[in-house]
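Structure record follows, encoded as structure tokens.
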4 protein chains.
Amino acid sequence: MTLRAAFYKQLAPEARASGISLTNWLIIGLVLLSFLFLALETEPTLTSQPGWRRTFNLFNLFVVSAFAVEFVTRLWVIGEDPQYRGLAGRIKYMSQFNSIADLLAFLPELIVMALGIGVPLIALRILRLFRLIKIARFVPAFDVFSAALSRAGSQLLTALALALMLVYLAAVLLYFIEGVGEGNEKFGSIPRAIWWSVATLTTVGYGDVYPETVLGRLAAGLIAMAGVGVVALPAGVFASAFSDELRERQQAATARRGSVDAPSAPPD
Amino acid sequence: MTLRAAFYKQLAPEARASGISLTNWLIIGLVLLSFLFLALETEPTLTSQPGWRRTFNLFNLFVVSAFAVEFVTRLWVIGEDPQYRGLAGRIKYMSQFNSIADLLAFLPELIVMALGIGVPLIALRILRLFRLIKIARFVPAFDVFSAALSRAGSQLLTALALALMLVYLAAVLLYFIEGVGEGNEKFGSIPRAIWWSVATLTTVGYGDVYPETVLGRLAAGLIAMAGVGVVALPAGVFASAFSDELRERQQAATARRGSVDAPSAPPD
Amino acid sequence: MTLRAAFYKQLAPEARASGISLTNWLIIGLVLLSFLFLALETEPTLTSQPGWRRTFNLFNLFVVSAFAVEFVTRLWVIGEDPQYRGLAGRIKYMSQFNSIADLLAFLPELIVMALGIGVPLIALRILRLFRLIKIARFVPAFDVFSAALSRAGSQLLTALALALMLVYLAAVLLYFIEGVGEGNEKFGSIPRAIWWSVATLTTVGYGDVYPETVLGRLAAGLIAMAGVGVVALPAGVFASAFSDELRERQQAATARRGSVDAPSAPPD
Amino acid sequence: MTLRAAFYKQLAPEARASGISLTNWLIIGLVLLSFLFLALETEPTLTSQPGWRRTFNLFNLFVVSAFAVEFVTRLWVIGEDPQYRGLAGRIKYMSQFNSIADLLAFLPELIVMALGIGVPLIALRILRLFRLIKIARFVPAFDVFSAALSRAGSQLLTALALALMLVYLAAVLLYFIEGVGEGNEKFGSIPRAIWWSVATLTTVGYGDVYPETVLGRLAAGLIAMAGVGVVALPAGVFASAFSDELRERQQAATARRGSVDAPSAPPD
């Protein structure tokens with residue numbers, strides 16, 4: 001096996017029947033760590049300390065370099081795959097969604113660092129979220145999510161339509177009871193009442209808005225008792241589609257592995 | 001095909017085997033947009049600006065005209081259906097619940113506009129909710145909702161009876177523990193304690209009312225641990241009836257479409 | 001059919017194959033109304049008005065008289081049942097739990113009224129809750145509830161043990177993080193932290209107590225993400241037992257009715 | 001049967017086919033009582049009263065002595081089991097996790113008491129949590145918990161990954177909408193926004209942090225409507241694994257008991 005083939009086996013998820021290679025686990029870990037640092041970097045009590053600032057800069061330099069090296073290596077080893085061979089193949093590979101995300105995950109920040117701009121800009125930080133796409137390739141969870149969405153399909157839409165209608169009607173009712181006239185200013189318009197309605201029917205209940213008149217409380221109590229279930233419907237529909245999807249995949253994976261193992265594969 | 005037949009095919013949902021015609025999608029969109037504007041129109045920070053006020057007036061004029069045109073057209077094309085032919089048929093059609101809702105969705109507002117009253121009244125706004133019935137005709141969600149209600153039937157009633165009893169008894173208990181004597185005024189009567197009880201057992205928990213004595217917190221904690229599940233029962237019963245109903249309909253629809261497609265229908 | 005037999009058919013639930021007689025529906029309605037009035041009577045803004053006070057007194061007089069008449073009638077008609085015939089049978093009937101509850105539902109209040117004490121006492125009001133037992137006889141919901149409890153049995157206990165353990169451990173953890181030392185007084189002891197823990201893990205979240213240190217919020221966030229599911233376990237276990245119990249009963253009732261209808265019963 | 005054999009039957013759970021012996025029920029009760037006292041001992045309003053302080057000291061003395069006696073007895077009777085016979089067997093038994101937990105449950109506190117230090121230290125109190133392991137031996141709930149965790153396995157991980165990703169992305173979004181610039185300080189960094197995000201998506205909703213701008217409320221409302229279901233996914237996955245695990249165990253236990261009962265066991 002050539003060096004390039006060995007690297008290919010480590011980097012390309014499609015080179016393995018199942019599981020994630022050590023290198024890709026490291027990349028996942030690095031992306032998750034970079035999300036932790038992205039969060040910490042926004043905390044003013046930390047960025048006001050020179051020690052933390054230096055740590056953030058060093059870590060960012062390290063991550064950007066690592067992803068740059070990873071990108072170049074990936075571009076080199078992809079030649080193992082017949083369809084990406086030669087310059088034409090590399091250009092084809094580069095124009096894929098995943099490759100562009102790989103590039104956006106480090107290039108803008110690298111340019112800013114090279115130009116010597118010290119303070120990272122907000123736009124740069126948002127670009128870091130493209131690193132999520134890097135790991136979405138290895139982790140089936142994101143894939144299951146969208147498959148479950150499309151499986152739930154019309155059921156989910158029906159449940160959502162009912163939930164949204166209830167949220168709207170509850171808001172209209174409470175607006176007329178609580179907000180019209182010289183009433184509770186927090187119910188002073190339908191959009192404001194929708195804020196109450198969402199907070200109540202999802203059972204979040206921040207407590208910044210609640211009815212204060214007797215009639216308003218009566219209506220809110222009845223709406224809450226009856227409505228909490230309706231607004232939870234989409235969640236239930238999605239959860240059941242998600243669990244069905246996962247079960248079927250596991251059964252398919254077990255079946256596939258069985259038939260793959262049968263014609264005994266050579267050890268690697 | 002005559003012009004009237006073409007319009008009939010666009011407007012009458014019963015003229016199609018399944019799906020929603022483009023015209024009816026536009027009507028649904030217009031109704032949803034009118035609900036968005038109904039909400040925005042109640043927001044004082046918007047209505048105080050002349051620009052927004054003009055937008056609201058123009059939009060209302062447009063919607064009312066559109067629904068008036070739709071109503072007249074619908075009245076004309078319904079003649080395609082044998083049972084609504086002629087003047088007698090039109091009167092029969094006009095006396096249906098759906099047609100009256102169609103009328104109420106624009107006529108009162110049209111009259112007010114014609115008489116030149118600038119500010120729309122609250123009663124007028126409530127009448128706009130009749131537009132919901134316009135779209136309920138096309139969207140099966142509302143129909144599924146009531147079917148699920150009647151399917152859950154006695155199970156739902158039993159679960160609701162238990163939930164309401166628990167809410168009442170929890171309120172009585174906390175009233176005696178917290179409210180009697182010179183206690184917490186927010187538990188000063190059973191109706192007030194019911195407000196706490198509903199907010200707690202639905203897990204909304206606004207935080208405007210909560211027990212403050214040791215005994216009250218002990219009782220509230222035990223009630224919350226045990227009671228949250230009971231009050232969520234009706235929601236669970238309804239959710240399962242809703243999902244059963246939807247699944248059966250989809251199976252029936254698939255079966256029906258299969259048998260309709262079989263005797264190959266002429267292309268339209 | 002004698003008059004006594006006719007009254008028996010109206011009053012005794014065991015005299016009917018299924019359903020509830022008109023008289024018993026009226027009794028259920030009266031009990032529910034008396035619970036509404038019990039709630040309203042505790043509201044100081046109502047009891048301070050002479051009009052409402054008079055209404056309350058008249059209503060209580062009416063309810064107590066009605067239940068007294070019902071009790072005496074029930075005692076008379078029960079003679080239709082062979083096992084309660086004669087004086088010995090009546091004494092046997094009177095010593096049953098249901099009959100004692102029937103008695104407690106009106107007798108103490110009747111005595112107080114006869115002795116001319118105007119203001120109803122709190123103890124009297126609590127006795128009114130015995131009226132719940134009156135209607136529990138007719139409504140299967142309460143019966144299903146206890147059957148579901150015993151069916152869930154050890155599963156429910158296991159889930160409850162886990163939930164309680166989690167609530168306790170979460171409270172201990174947050175007490176050590178937030179409350180020890182000169183910290184947040186609301187976490188100043190384990191019992192106080194349990195109040196937070198119950199409010200959080202049931203997702204009620206009143207907002208009267210929440211962690212304020214960084215470490216406390218980190219711990220609370222992780223506990224909430226992981227623990228909400230565990231504390232909801234007993235609710236889920238009970239809900240599933242409840243719905244299984246109800247389904248089986250309905251199937252049994254359908255089967256029973258089928259076999260009863262078969263040997264065509266004489267019309268009544 | 002020798003005295004040691006009789007004690008062994010009472011103390012060792014493996015000596016019984018099923019159920020818990022009276023002695024072990026007493027130990028469970030004592031552990032639970034010691035947890036109640038551990039909680040009460042941290043409450044300053046109680047520890048400031050000499051009467052309560054004396055009660056706490058007496059109770060602790062009693063519990064520590066009882067567990068010391070239990071430990072010594074257990075060490076004696078374990079000789080009934082062939083693999084723990086003699087001194088070597090006792091050393092083998094002592095080096096088990098359960099035995100060390102048994103020791104930690106009383107020894108440190110006993111030493112402190114013997115040395116005459118009156119005030120119990122916080123570290124001592126934490127050691128009392130080892131008593132949980134004492135009862136975990138008898139109660140299958142803890143065992144079912146971990147079995148359910150490993151059964152849910154990759155499904156649970158997938159659901160958790162989605163939930164955590166949603167919590168993070170919701171926090172990033174609200175940070176950019178509400179916190180950047182001279183905005184709401186409670187959204188002033190991503191970690192702070194995560195605190196809001198966890199409280200909202202678990203539906204706890206303390207109400208200490210919530211968006212205040214129109215755009216923030218719009219985003220928060222949409223996130224809450226859509227996200228509550230996703231964050232509840234791990235709970236649902238775990239609940240279903242837990243209930244499957246329990247059902248299978250009960251079936252296995254019923255089957256096992258059947259085959260044990262068959263070759264009629266001698267009465268004890």
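Residues in the structure tokens are named by chain (A, B, ... in the order shown) and by number from 1 within that chain; ligands are numbered from 1 in the order shown.
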
For chain A, report every residue with an atom at most 10 Å from chain D (counting only C-alpha atoms), formatted as number ranges by chain.
A: 35-36, 38-45, 122, 126, 129, 132, 139-142, 144-145, 160, 163-164, 167, 191-192, 194-209, 231-240, 242-243, 246-247, 250

Please report, as a PyMOL selection string, each residue of segment 18-212 of chain D to which DSSP assigns helix (DSSP H, G or I) when run on this structure's backbone.
chain D and resi 22-41+44-47+50-80+82-84+86-94+97-104+107-114+122-136+140-179+185-187+190-201

Between atom CA of Val72 of chain B and atom CA of Asn98 of chain B, what is the spacing in Å?
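Going from atom CA of Asn98 of chain B over to atom CA of Val72 of chain B covers 14.1 Å.
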
Just the number, please: distance in Å from atom CA of Glu14 of chain B to atom CA of Gly153 of chain B, one decimal.
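Straight-line distance from atom CA of Glu14 of chain B to atom CA of Gly153 of chain B works out to 29.0 Å.
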
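Atom CA of Asn60 of chain D to atom CA of Leu11 of chain D spans 22.1 Å [interatomic distance, one decimal].
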
Residue among D:Ala68, D:Ile135, D:Leu110, D:Val77 lying closest to Ile27 of chain D, counting only C-alpha atoms:
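Using only C-alpha atoms, Ile27 of chain D sits closest to D:Ile135.
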